[in-house]
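Peer 1: This is model.txt, which holds compact mmCIF, C-alpha atoms:
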# COMPACT_ATOMS: atom_id res chain seq x y z
CA MET M 29 114.82 99.38 76.17
CA LEU M 30 117.10 101.95 77.77
CA VAL M 31 118.99 101.69 81.06
CA GLY M 32 119.93 105.18 82.22
CA ALA M 33 121.86 106.38 85.24
CA HIS M 34 118.73 106.96 87.32
CA TRP M 35 115.85 105.47 85.32
CA THR M 36 115.23 102.44 83.17
CA MET M 37 112.72 102.75 80.32
CA ALA M 38 110.95 100.00 78.41
CA CYS M 39 108.58 100.64 75.51
CA SER M 40 106.02 98.13 74.27
CA ARG M 41 102.27 98.78 74.44
CA TYR M 42 103.19 101.91 76.41
CA CYS M 43 106.43 103.19 77.91
CA GLY M 44 107.24 102.10 81.43
CA LEU M 45 109.73 103.48 83.92
CA ALA M 46 111.57 101.94 86.85
CA THR M 47 114.35 103.13 89.10
CA THR M 48 117.75 101.95 87.94
CA ILE M 49 119.15 100.18 90.98
CA ASN M 50 122.87 99.81 90.50
CA PRO M 51 124.81 98.11 93.29
CA CYS M 52 127.72 100.09 94.68
CA THR M 53 130.40 97.56 93.83
CA PRO M 54 133.54 97.73 91.67
CA HIS M 55 132.90 97.28 87.96
CA ASP M 56 134.89 94.07 87.79
CA THR M 57 132.59 92.47 90.39
CA LEU M 58 129.25 93.47 88.84
CA ILE M 59 126.93 90.68 87.74
CA PRO M 60 126.44 91.16 83.98
CA VAL M 61 123.00 91.73 82.52
CA ARG M 62 121.94 88.64 80.62
CA GLU M 63 122.00 89.13 76.84
CA ALA M 64 122.87 92.80 77.14
CA GLY M 65 122.95 94.26 73.62
CA SER M 66 120.13 91.99 72.48
CA LEU M 67 117.37 92.99 74.87
CA HIS M 68 115.62 95.04 72.17
CA ARG M 69 114.93 91.76 70.36
CA LYS M 70 113.02 90.35 73.33
CA SER M 71 109.29 90.74 73.88
CA ALA M 72 108.04 92.79 76.81
CA LEU M 73 106.78 89.60 78.45
CA GLU M 74 110.23 88.06 78.21
CA LEU M 75 111.76 91.18 79.74
CA ALA M 76 109.12 91.24 82.47
CA GLU M 77 110.52 87.95 83.78
CA TYR M 78 113.70 89.84 84.66
CA ALA M 79 111.75 91.42 87.54
CA LEU M 80 112.36 88.20 89.50
CA SER M 81 116.12 88.42 89.08
CA PRO M 82 118.47 88.88 92.06
CA ASN M 83 120.52 91.15 89.77
CA PRO M 84 119.14 94.64 90.59
CA ILE M 85 119.72 96.04 87.09
CA GLU M 86 117.86 93.10 85.56
CA ALA M 87 115.05 93.56 88.08
CA SER M 88 114.85 97.25 87.10
CA ILE M 89 114.49 96.19 83.47
CA GLY M 90 111.77 93.71 84.40
CA VAL M 91 109.68 96.20 86.37
CA ALA M 92 109.98 98.79 83.58
CA ALA M 93 108.75 96.14 81.13
CA ILE M 94 105.80 95.32 83.38
CA ASN M 95 104.89 98.99 83.56
CA SER M 96 105.05 99.24 79.77
CA LEU M 97 102.34 96.58 79.44
CA LEU M 98 99.77 97.79 81.94
CA GLU M 99 96.42 99.21 80.92
CA ILE M 100 94.95 101.81 83.27
CA ASP M 101 91.31 101.99 84.25
CA GLU M 102 90.81 105.65 83.39
CA GLY M 103 87.52 105.56 85.27
CA ILE M 104 89.34 105.41 88.60
CA ALA M 105 92.64 107.08 87.65
CA VAL M 106 93.26 110.61 88.87
CA ASP M 107 96.03 113.07 88.13
CA ILE M 108 97.45 113.67 91.58
CA ASN M 109 100.76 114.18 93.31
CA ALA M 110 101.50 111.56 95.95
CA ALA M 111 103.14 114.23 98.10
CA ASP M 112 99.85 116.14 98.27
CA VAL M 113 97.98 113.02 99.38
CA LEU M 114 100.53 112.19 102.09
CA ALA M 115 100.60 115.76 103.38
CA GLU M 116 96.83 115.72 103.77
CA ARG M 117 96.17 112.14 104.90
CA GLY M 118 99.20 112.14 107.20
CA ARG M 119 98.39 115.43 108.92
CA GLY M 120 99.01 115.03 112.64
CA LYS M 121 99.55 111.28 112.29
CA ARG M 122 102.44 108.84 112.57
CA VAL M 123 103.83 108.35 109.08
CA ALA M 124 106.37 105.73 108.00
CA LEU M 125 107.95 106.52 104.63
CA VAL M 126 110.08 103.83 103.01
CA GLY M 127 112.39 105.62 100.58
CA HIS M 128 114.01 109.03 100.60
CA PHE M 129 111.80 111.39 98.58
CA PRO M 130 112.35 115.09 97.81
CA PHE M 131 109.09 116.08 99.53
CA ILE M 132 110.27 114.94 102.99
CA PRO M 133 110.83 118.49 104.36
CA ARG M 134 107.25 119.39 103.44
CA LEU M 135 105.88 116.20 105.00
CA ARG M 136 107.73 116.86 108.26
CA LYS M 137 105.71 120.07 108.62
CA THR M 138 102.33 118.29 108.53
CA ALA M 139 102.92 114.81 109.96
CA GLY M 140 102.62 114.33 113.70
CA HIS M 141 105.69 112.10 113.50
CA LEU M 142 107.64 111.02 110.44
CA TRP M 143 109.94 108.03 110.19
CA VAL M 144 111.98 107.84 106.95
CA ILE M 145 113.37 104.34 106.40
CA GLU M 146 116.19 103.91 103.90
CA GLN M 147 118.54 101.19 102.69
CA ARG M 148 121.28 103.82 102.56
CA PRO M 149 120.29 106.14 105.41
CA SER M 150 121.56 109.69 105.80
CA GLY M 151 120.75 112.47 108.22
CA ASP M 152 117.65 111.60 110.24
CA ASP M 153 116.82 108.48 108.19
CA TYR M 154 116.34 105.13 109.90
CA PRO M 155 118.12 102.01 108.54
CA GLU M 156 116.05 99.39 106.74
CA ASP M 157 116.16 96.94 109.64
CA SER M 158 114.12 99.43 111.71
CA ALA M 159 111.09 98.81 109.46
CA ARG M 160 110.01 95.84 111.59
CA ASP M 161 109.66 98.10 114.62
CA LEU M 162 108.40 101.34 113.03
CA ILE M 163 105.92 100.31 110.31
CA PRO M 164 103.52 98.47 112.68
CA ARG M 165 103.29 101.69 114.74
CA ALA M 166 102.40 103.94 111.80
CA ASP M 167 98.95 105.30 110.95
CA VAL M 168 100.07 105.98 107.37
CA VAL M 169 102.65 103.87 105.52
CA ALA M 170 104.10 104.98 102.18
CA ILE M 171 106.41 102.54 100.39
CA THR M 172 108.53 103.29 97.35
CA GLY M 173 107.68 101.26 94.27
CA SER M 174 111.39 100.48 94.07
CA ALA M 175 110.75 97.94 96.84
CA LEU M 176 109.33 95.74 94.07
CA ILE M 177 112.73 95.86 92.37
CA ASN M 178 114.73 94.88 95.45
CA HIS M 179 112.12 92.24 96.38
CA SER M 180 111.29 93.78 99.78
CA LEU M 181 107.72 94.90 99.01
CA ASP M 182 105.92 91.78 100.26
CA GLY M 183 107.66 91.88 103.62
CA LEU M 184 107.01 95.59 104.08
CA LEU M 185 103.30 95.22 103.33
CA GLU M 186 103.03 92.42 105.86
CA LEU M 187 104.31 94.79 108.57
CA CYS M 188 101.47 97.29 108.08
CA ARG M 189 98.93 97.12 110.89
CA PRO M 190 95.21 96.71 110.16
CA GLY M 191 93.61 100.11 109.84
CA ALA M 192 96.72 101.89 108.56
CA LEU M 193 96.50 103.76 105.26
CA VAL M 194 98.98 102.13 102.88
CA MET M 195 100.34 103.82 99.76
CA ILE M 196 102.84 102.55 97.18
CA LEU M 197 104.36 105.44 95.30
CA GLY M 198 106.94 106.55 92.79
CA PRO M 199 107.47 106.09 89.04
CA SER M 200 108.43 102.42 89.49
CA THR M 201 105.01 101.60 90.95
CA PRO M 202 102.91 99.33 88.71
CA LEU M 203 99.49 100.93 88.25
CA SER M 204 97.72 97.62 88.75
CA PRO M 205 94.77 96.83 91.06
CA VAL M 206 96.63 93.63 91.94
CA LEU M 207 98.46 95.69 94.55
CA PHE M 208 95.15 96.38 96.30
CA GLU M 209 94.84 92.64 96.91
CA HIS M 210 98.11 92.78 98.86
CA GLY M 211 97.15 95.58 101.24
CA ALA M 212 97.66 98.84 99.32
CA HIS M 213 94.93 101.50 99.48
CA ILE M 214 96.52 103.99 97.07
CA ILE M 215 98.99 103.33 94.27
CA ALA M 216 100.66 106.39 92.78
CA GLY M 217 102.85 106.01 89.74
CA SER M 218 103.48 107.59 86.35
CA ARG M 219 102.66 107.33 82.67
CA VAL M 220 104.98 108.43 79.87
CA LEU M 221 103.16 110.80 77.52
CA ASP M 222 106.03 111.84 75.23
CA GLU M 223 108.30 108.89 74.47
CA PRO M 224 111.04 110.71 72.48
CA VAL M 225 111.38 113.47 75.08
CA VAL M 226 111.48 111.08 78.02
CA ARG M 227 113.89 108.75 76.23
CA ASP M 228 116.37 111.61 75.76
CA GLN M 229 116.00 112.64 79.39
CA VAL M 230 116.55 109.10 80.67
CA ALA M 231 119.59 108.66 78.40
CA GLN M 232 121.07 111.93 79.64
CA GLY M 233 120.80 111.08 83.33
CA ALA M 234 117.78 113.20 84.26
CA THR M 235 116.23 112.86 87.69
CA PHE M 236 112.48 112.44 87.82
CA GLN M 237 112.13 116.05 88.96
CA GLN M 238 113.79 117.13 85.70
CA MET M 239 111.51 115.08 83.48
CA THR M 240 108.80 116.50 81.28
CA GLY M 241 106.38 114.45 79.20
CA VAL M 242 105.34 112.34 82.20
CA ARG M 243 101.94 112.20 83.89
CA LYS M 244 101.59 111.44 87.60
CA VAL M 245 98.66 109.09 88.15
CA ALA M 246 97.05 107.54 91.22
CA LEU M 247 94.51 104.77 91.73
CA SER M 248 92.56 104.24 94.95
CA ARG M 249 91.06 101.03 96.25
CA GLN M 250 87.32 101.08 95.86
CA GLU M 251 85.04 100.65 98.87
CA GLY M 252 84.21 97.04 99.59
CA ARG M 253 87.47 95.68 98.18
Turn the structure described in the file into structure tokens.

Peer 2:
Amino acid sequence: MLVGAHWTMACSRYCGLATTINPCTPHDTLIPVREAGSLHRKSALELAEYALSPNPIEASIGVAAINSLLEIDEGIAVDINAADVLAERGRGKRVALVGHFPFIPRLRKTAGHLWVIEQRPSGDDYPEDSARDLIPRADVVAITGSALINHSLDGLLELCRPGALVMILGPSTPLSPVLFEHGAHIIAGSRVLDEPVVRDQVAQGATFQQMTGVRKVALSRQEGR
């Protein structure tokens, strides 16, 4: 278990990643992580329960632990970049993107209209409370997997209109078909291929764009599901 500046990493059956969500509050007001210093003695299942915590750092730990346990159906997994899928499937359409991703300038060139919804908006971003108005109007909805950490994912999925293409993306995204049962059509996440390399990168504050030793993987909902 490693909680880095940008990413949290848990290793059990595999190695799982999740965004480290650290509240912007003074250190003396932070809610402490339960049993910090002893988490390496816990099982991955015990750590996975932290995903339900209102403490965002604990929730990051829990989602990373979940991701470390998941088996992937290699028969339906493809190596693909979520940005490529959005650029193609969102061409000329109304796209709602929850989360500020580095590929936004590229997506603006292909989407008919792009709404970027952020908890901490900047520039042309829309604040999170605009999701209720914008998401139901979108033809394509892409939601950061970090929404699982801050417990907003269920509500965001409920806003998607029937017929919209729904993607959950980012390294925090659990590569589990369970998400298809809740409205997702594409789930795009990551798998750690080189644990020692990625561990050093996480510990040294690397962004995901700086990471090597990670595979980008996507699963698509099968017809009839």

Peer 1: Rounded to one decimal, what separation in Å do you get between atom CA of M:Tyr42 and atom CA of M:Glu223?

Peer 2: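 Computed distance, atom CA of M:Tyr42 to atom CA of M:Glu223, equals 8.9 Å.
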
Peer 1: Using all atoms listed in the file, which residue out of M:Pro190, M:Gly32, M:Gly241, M:Gly127 lies closest to M:Pro155?

Peer 2: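 For M:Pro155, the nearest of the candidates is M:Gly127.
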
Peer 1: In terms of the shortest atom-to-atom distance over all atoms listed in the file, which of M:Thr138, M:Ser150, M:Gln229, M:Asn95 is closest to M:Thr201?

Peer 2: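 Of all the options, M:Asn95 lies closest to M:Thr201.
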
Peer 1: Go ahead and find all residues with at least one atom no further than 10 Å from (107.6, 104.7, 105.5) in the file's coordinates, using all atoms listed in the file; report them as a PyMOL selection string.

Peer 2: chain M and resi 122-128+142-146+154+159+162-163+166+168-172+184+188+194-196

Peer 1: Suppose we keep C-alpha atoms; can you now write the selection as a PDB file, in the frame of the given file?

Peer 2:
ATOM      1  CA  ARG M 122     102.440 108.840 112.570  1.00  0.00           C
ATOM      2  CA  VAL M 123     103.830 108.350 109.080  1.00  0.00           C
ATOM      3  CA  ALA M 124     106.370 105.730 108.000  1.00  0.00           C
ATOM      4  CA  LEU M 125     107.950 106.520 104.630  1.00  0.00           C
ATOM      5  CA  VAL M 126     110.080 103.830 103.010  1.00  0.00           C
ATOM      6  CA  GLY M 127     112.390 105.620 100.580  1.00  0.00           C
ATOM      7  CA  HIS M 128     114.010 109.030 100.600  1.00  0.00           C
ATOM      8  CA  LEU M 142     107.640 111.020 110.440  1.00  0.00           C
ATOM      9  CA  TRP M 143     109.940 108.030 110.190  1.00  0.00           C
ATOM     10  CA  VAL M 144     111.980 107.840 106.950  1.00  0.00           C
ATOM     11  CA  ILE M 145     113.370 104.340 106.400  1.00  0.00           C
ATOM     12  CA  GLU M 146     116.190 103.910 103.900  1.00  0.00           C
ATOM     13  CA  TYR M 154     116.340 105.130 109.900  1.00  0.00           C
ATOM     14  CA  ALA M 159     111.090  98.810 109.460  1.00  0.00           C
ATOM     15  CA  LEU M 162     108.400 101.340 113.030  1.00  0.00           C
ATOM     16  CA  ILE M 163     105.920 100.310 110.310  1.00  0.00           C
ATOM     17  CA  ALA M 166     102.400 103.940 111.800  1.00  0.00           C
ATOM     18  CA  VAL M 168     100.070 105.980 107.370  1.00  0.00           C
ATOM     19  CA  VAL M 169     102.650 103.870 105.520  1.00  0.00           C
ATOM     20  CA  ALA M 170     104.100 104.980 102.180  1.00  0.00           C
ATOM     21  CA  ILE M 171     106.410 102.540 100.390  1.00  0.00           C
ATOM     22  CA  THR M 172     108.530 103.290  97.350  1.00  0.00           C
ATOM     23  CA  LEU M 184     107.010  95.590 104.080  1.00  0.00           C
ATOM     24  CA  CYS M 188     101.470  97.290 108.080  1.00  0.00           C
ATOM     25  CA  VAL M 194      98.980 102.130 102.880  1.00  0.00           C
ATOM     26  CA  MET M 195     100.340 103.820  99.760  1.00  0.00           C
ATOM     27  CA  ILE M 196     102.840 102.550  97.180  1.00  0.00           C
TER      28      ILE M 196
END

Peer 1: Find the distance between atom CA of M:Ala234 and atom CA of M:Thr47 and write it in Å to one decimal.

Peer 2: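 Going from atom CA of M:Ala234 over to atom CA of M:Thr47, I get 11.7 Å.
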
Peer 1: Point out the residue among M:Asp107, M:Glu74, M:Asp182, M:Asp112 with the least atom-to-atom distance to M:Glu209, counting all atoms listed in the file.

Peer 2: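 Residue with the minimum atom-to-atom distance to M:Glu209: M:Asp182.
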
Peer 1: For the structure just given, write the atoms of stretch 169-181 of chain M, namely C-alpha atoms, as a CSV table (one decimal), in the first residue's frame.

Peer 2:
chain,number,residue,atom,x,y,z
M,169,VAL,CA,-21.2,11.2,-21.4
M,170,ALA,CA,-17.7,10.5,-20.0
M,171,ILE,CA,-17.2,10.3,-16.2
M,172,THR,CA,-14.0,10.1,-14.4
M,173,GLY,CA,-13.5,6.9,-12.3
M,174,SER,CA,-12.6,9.2,-9.4
M,175,ALA,CA,-16.3,9.8,-9.1
M,176,LEU,CA,-16.4,6.4,-7.4
M,177,ILE,CA,-14.0,7.8,-4.8
M,178,ASN,CA,-16.0,10.9,-4.0
M,179,HIS,CA,-19.3,8.9,-4.1
M,180,SER,CA,-20.9,10.9,-6.9
M,181,LEU,CA,-20.8,8.1,-9.6
